[in-house]
file model_35.csv (CSV, C-alpha atoms)
chain,number,residue,atom,x,y,z
A,1,MET,CA,0.0,0.0,0.0
A,2,LEU,CA,1.3,3.4,-0.9
A,3,ILE,CA,0.9,6.4,1.4
A,4,PRO,CA,0.3,9.7,-0.4
A,5,GLN,CA,1.6,12.9,1.1
A,6,ARG,CA,-1.8,14.5,0.5
A,7,GLY,CA,-3.3,11.8,2.8
A,8,LEU,CA,-1.0,12.5,5.8
A,9,THR,CA,-3.4,14.8,7.5
A,10,ASN,CA,-5.4,14.5,10.8
A,11,LEU,CA,-3.4,11.6,12.1
A,12,ARG,CA,-3.1,9.8,15.4
A,13,VAL,CA,0.6,9.1,16.1
A,14,ARG,CA,0.9,6.1,18.3
A,15,PHE,CA,4.3,5.8,20.1
A,16,THR,CA,5.2,2.7,22.1
A,17,ASP,CA,4.4,4.7,25.3
A,18,GLY,CA,1.7,7.2,24.3
A,19,LEU,CA,0.0,9.0,21.5
A,20,VAL,CA,-0.4,12.5,20.0
A,21,ASP,CA,-2.7,14.0,17.3
A,22,ALA,CA,-1.1,15.6,14.3
A,23,LYS,CA,-2.6,18.0,11.8
A,24,TYR,CA,0.0,17.0,9.2
A,25,ALA,CA,3.0,14.7,8.9
A,26,PHE,CA,5.8,15.6,6.4
A,27,PRO,CA,8.4,13.0,5.5
A,28,PHE,CA,11.8,14.5,4.6
A,29,TRP,CA,13.8,12.5,2.1
A,30,ASP,CA,17.3,12.6,0.7
A,31,ARG,CA,18.5,12.4,-2.9
A,32,GLU,CA,18.5,8.6,-2.6
A,33,TRP,CA,14.7,8.7,-2.0
A,34,ARG,CA,15.2,7.5,1.6
A,35,VAL,CA,13.0,9.1,4.3
A,36,LYS,CA,15.3,10.3,7.1
A,37,PHE,CA,12.7,11.9,9.5
A,38,LEU,CA,9.2,13.1,9.8
A,39,LEU,CA,8.1,16.6,10.8
A,40,LEU,CA,4.8,16.4,12.8
A,41,ASP,CA,2.7,19.5,12.9
A,42,LEU,CA,0.9,18.6,16.2
A,43,MET,CA,-2.5,19.7,17.4
A,44,GLY,CA,-2.1,22.0,20.4
A,45,HIS,CA,1.7,21.5,20.7
A,46,PRO,CA,4.8,22.7,18.9
A,47,ALA,CA,6.0,20.8,15.9
A,48,GLU,CA,8.3,17.8,16.5
A,49,VAL,CA,10.7,15.7,14.5
A,50,VAL,CA,10.5,11.9,14.6
A,51,PRO,CA,13.2,9.6,13.1
A,52,ALA,CA,12.2,7.3,10.2
A,53,PRO,CA,11.2,4.7,9.5
A,54,VAL,CA,8.1,4.3,11.6
A,55,GLY,CA,6.4,0.9,12.2
A,56,ARG,CA,3.2,1.1,10.2
A,57,VAL,CA,1.1,3.9,8.5
A,58,THR,CA,-2.5,4.0,7.5
A,59,MET,CA,-4.4,7.0,6.2
A,60,ASN,CA,-5.4,8.0,9.7
A,61,GLU,CA,-2.6,6.6,12.0
A,62,ILE,CA,1.1,6.4,12.3
A,63,GLU,CA,2.3,3.6,14.5
A,64,ALA,CA,5.9,4.5,15.6
A,65,GLU,CA,8.2,1.7,16.8
A,66,ALA,CA,9.8,4.2,19.2
A,67,PRO,CA,8.9,5.8,22.5
A,68,ARG,CA,7.6,9.3,22.7
A,69,SER,CA,11.0,10.5,23.9
A,70,ALA,CA,12.4,9.8,20.4
A,71,ALA,CA,10.5,12.8,19.1
A,72,ARG,CA,12.5,16.1,19.3
A,73,PRO,CA,11.1,19.6,19.3
A,74,LEU,CA,11.5,21.2,15.8
A,75,VAL,CA,12.8,24.5,17.4
A,76,GLY,CA,15.9,22.6,18.6
A,77,GLU,CA,16.9,21.5,15.1
A,78,ALA,CA,19.8,23.2,13.3
A,79,PRO,CA,18.9,24.6,9.9
A,80,SER,CA,21.8,22.6,8.4
A,81,ARG,CA,19.8,19.4,9.3
A,82,PHE,CA,17.5,20.2,6.3
A,83,ALA,CA,20.3,20.7,3.8
A,84,GLY,CA,20.0,18.2,0.9
A,85,MET,CA,16.5,17.1,2.1
A,86,HIS,CA,13.2,17.4,0.2
A,87,HIS,CA,9.6,17.3,1.3
A,88,LEU,CA,6.2,18.1,-0.2
A,89,ASP,CA,3.9,20.6,1.5
A,90,PRO,CA,1.3,21.3,-1.2
A,91,ALA,CA,-0.7,23.8,1.0
A,92,TRP,CA,2.5,25.5,2.4
A,93,VAL,CA,1.2,25.0,5.9
A,94,LEU,CA,4.8,25.0,7.3
A,95,ARG,CA,5.2,28.6,6.1
A,96,GLY,CA,3.0,29.9,8.9
A,97,MET,CA,4.1,27.5,11.6
A,98,PRO,CA,4.8,29.2,14.9
A,99,GLY,CA,8.0,28.6,16.8
A,100,PRO,CA,11.0,28.0,14.6
A,101,SER,CA,13.6,30.7,14.0
A,102,GLU,CA,13.5,32.5,10.7
A,103,SER,CA,16.7,30.7,9.6
A,104,LEU,CA,15.1,27.3,10.4
A,105,ARG,CA,11.9,28.3,8.7
A,106,LEU,CA,13.7,29.3,5.5
A,107,ALA,CA,15.8,26.1,5.6
A,108,ILE,CA,12.6,24.1,5.7
A,109,LEU,CA,10.8,26.1,3.0
A,110,ARG,CA,13.7,25.7,0.6
A,111,THR,CA,13.2,21.9,0.7
A,112,ASN,CA,9.5,22.1,-0.4
A,113,LEU,CA,8.9,20.7,-3.9
A,114,ALA,CA,5.3,22.0,-4.1
A,115,GLY,CA,4.7,23.9,-7.4
A,116,ARG,CA,8.1,23.0,-8.8
A,117,ALA,CA,8.1,22.0,-12.4
A,118,LYS,CA,9.8,19.4,-14.5
A,119,ALA,CA,10.9,20.9,-17.8
A,120,GLY,CA,8.5,23.7,-17.3
A,121,THR,CA,5.3,21.8,-17.9
A,122,GLU,CA,4.8,19.2,-15.2
A,123,LYS,CA,4.3,20.4,-11.7
A,124,VAL,CA,4.9,18.3,-8.6
A,125,HIS,CA,1.4,17.2,-7.3
A,126,ASP,CA,2.0,14.5,-4.7
A,127,ALA,CA,4.6,12.1,-3.3
A,128,GLU,CA,3.8,8.5,-2.5
A,129,PHE,CA,5.7,6.6,0.2
A,130,ASP,CA,6.0,3.0,1.3
A,131,GLU,CA,3.8,1.9,4.3
A,132,ARG,CA,6.6,2.4,6.8
A,133,LEU,CA,7.5,5.9,5.5
A,134,ASP,CA,11.0,4.5,4.9
A,135,GLY,CA,11.3,5.7,1.3
A,136,LEU,CA,9.7,7.7,-1.4
A,137,VAL,CA,8.3,5.4,-4.1
A,138,TRP,CA,6.8,7.8,-6.6
A,139,LEU,CA,6.9,11.5,-7.2
A,140,VAL,CA,3.6,12.4,-8.9
A,141,THR,CA,3.4,15.3,-11.4
A,142,LYS,CA,0.5,16.8,-13.4
A,143,ASP,CA,0.7,18.9,-16.5
A,144,ARG,CA,-1.5,21.7,-17.7
A,145,SER,CA,-4.0,19.1,-19.1
A,146,PHE,CA,-4.1,17.3,-15.8
A,147,VAL,CA,-2.2,14.3,-17.2
A,148,THR,CA,-0.6,12.5,-14.2
A,149,ARG,CA,2.8,10.9,-14.4
A,150,ARG,CA,4.7,9.0,-11.7
A,151,TYR,CA,8.5,9.1,-11.5
A,152,GLY,CA,10.5,6.6,-9.5
A,153,PRO,CA,14.1,6.6,-8.3
A,154,GLY,CA,16.5,7.2,-11.2
A,155,LYS,CA,13.7,8.6,-13.4
A,156,LEU,CA,13.7,12.1,-12.0
A,157,VAL,CA,16.5,14.3,-10.6
A,158,PHE,CA,15.4,16.7,-7.9
A,159,SER,CA,17.8,19.4,-9.0
A,160,ASP,CA,16.0,19.4,-12.4
A,161,LEU,CA,12.8,20.7,-10.7
A,162,ARG,CA,12.5,24.5,-11.0
call {"tool": "encode", "arguments": {"input": "model_35.csv", "output": "structure tokens"}}
result
Amino acid sequence: MLIPQRGLTNLRVRFTDGLVDAKYAFPFWDREWRVKFLLLDLMGHPAEVVPAPVGRVTMNEIEAEAPRSAARPLVGEAPSRFAGMHHLDPAWVLRGMPGPSESLRLAILRTNLAGRAKAGTEKVHDAEFDERLDGLVWLVTKDRSFVTRRYGPGKLVFSDLR
């Protein structure tokens, strides 16, 4: 089962020793298409970073194989942690997230592939992950005619997206 980025909303995140509710979960992946961590935009709490992979993901729950203490506050992360990473935030919700410093916010926003285009015609529409959020399986684009295409590892170079 593939997990689309657009489906990672209104989630219950179940740790081995507790649970939290998240408005959004954003996997961050590297150039090898491996998810390194998730940024959780929590309901009623500051955003947190959780190491990947997680145990199991459905469209309304993330089951982490780690204790709650494995999550770290986003505000404590160095902006350099996001260098070389990518994520997809189609609604740009992280732009208005309270808490992080301006340098951290800019580092995160630079990694967003939303609205980027391949060869000027196909815009990034979604990202589809494996069920453990261990890796990006497909990057989904749509062109002006709403034709959908899926690109897997080796078929799309992130630096080609403008």
call {"tool": "residues_near_point", "arguments": {"input": "model_35.csv", "point": "(7.0, 7.5, -1.9)", "cutoff": "6 Å", "atoms": "only C-alpha atoms", "output": "list in words"}}
result
Ala127, Glu128, Phe129, Asp130, Gly135, Leu136, Val137 and Trp138 of chain A
call {"tool": "residues_near_point", "arguments": {"input": "model_35.csv", "point": "(14.1, 18.2, -7.2)", "cutoff": "9 Å", "atoms": "all atoms listed in the file", "output": "PyMOL selection string"}}
result
chain A and resi 31+86+111+113+116-118+156-162
call {"tool": "residues_around", "arguments": {"input": "model_35.csv", "residues": "region 10-16 of chain A", "least_positions_apart": "3", "cutoff": "9 Å", "atoms": "all atoms listed in the file", "output": "list in words"}}
result
Gly7, Leu19, Val20, Asp21, Ala22, Lys23, Tyr24, Ala25, Met43, Thr58, Met59, Asn60, Glu61, Ile62, Glu63, Ala64, Glu65, Ala66, Pro67 and Arg68 of chain A
call {"tool": "write_last_selection", "arguments": {"input": "model_35.csv", "atoms": "C-alpha atoms", "output": "tab-separated table (two decimals), in the frame of the given file"}}
result
chain	number	residue	atom	x	y	z
A	7	GLY	CA	-3.30	11.80	2.80
A	19	LEU	CA	0.00	9.00	21.50
A	20	VAL	CA	-0.40	12.50	20.00
A	21	ASP	CA	-2.70	14.00	17.30
A	22	ALA	CA	-1.10	15.60	14.30
A	23	LYS	CA	-2.60	18.00	11.80
A	24	TYR	CA	0.00	17.00	9.20
A	25	ALA	CA	3.00	14.70	8.90
A	43	MET	CA	-2.50	19.70	17.40
A	58	THR	CA	-2.50	4.00	7.50
A	59	MET	CA	-4.40	7.00	6.20
A	60	ASN	CA	-5.40	8.00	9.70
A	61	GLU	CA	-2.60	6.60	12.00
A	62	ILE	CA	1.10	6.40	12.30
A	63	GLU	CA	2.30	3.60	14.50
A	64	ALA	CA	5.90	4.50	15.60
A	65	GLU	CA	8.20	1.70	16.80
A	66	ALA	CA	9.80	4.20	19.20
A	67	PRO	CA	8.90	5.80	22.50
A	68	ARG	CA	7.60	9.30	22.70
call {"tool": "closest_residue", "arguments": {"input": "model_35.csv", "among": "A:Thr9, A:Asn112, A:Ser69, A:Ser103", "to": "Val57 (chain A)", "atoms": "all atoms listed in the file"}}
result
A:Thr9
call {"tool": "atom_distance", "arguments": {"input": "model_35.csv", "atom1": "CA of Pro4 (chain A)", "atom2": "CA of Leu38 (chain A)"}}
result
14.0 Å
call {"tool": "closest_residue", "arguments": {"input": "model_35.csv", "among": "A:Asp17, A:Glu131, A:Glu32, A:Asp89", "to": "Gly154 (chain A)", "atoms": "all atoms listed in the file"}}
result
A:Glu32
call {"tool": "closest_residue", "arguments": {"input": "model_35.csv", "among": "A:Leu8, A:Gly55, A:Ala78, A:Val49", "to": "Glu102 (chain A)", "atoms": "all atoms listed in the file"}}
result
A:Ala78
call {"tool": "atom_distance", "arguments": {"input": "model_35.csv", "atom1": "CA of Pro73 (chain A)", "atom2": "CA of Val50 (chain A)"}}
result
9.0 Å
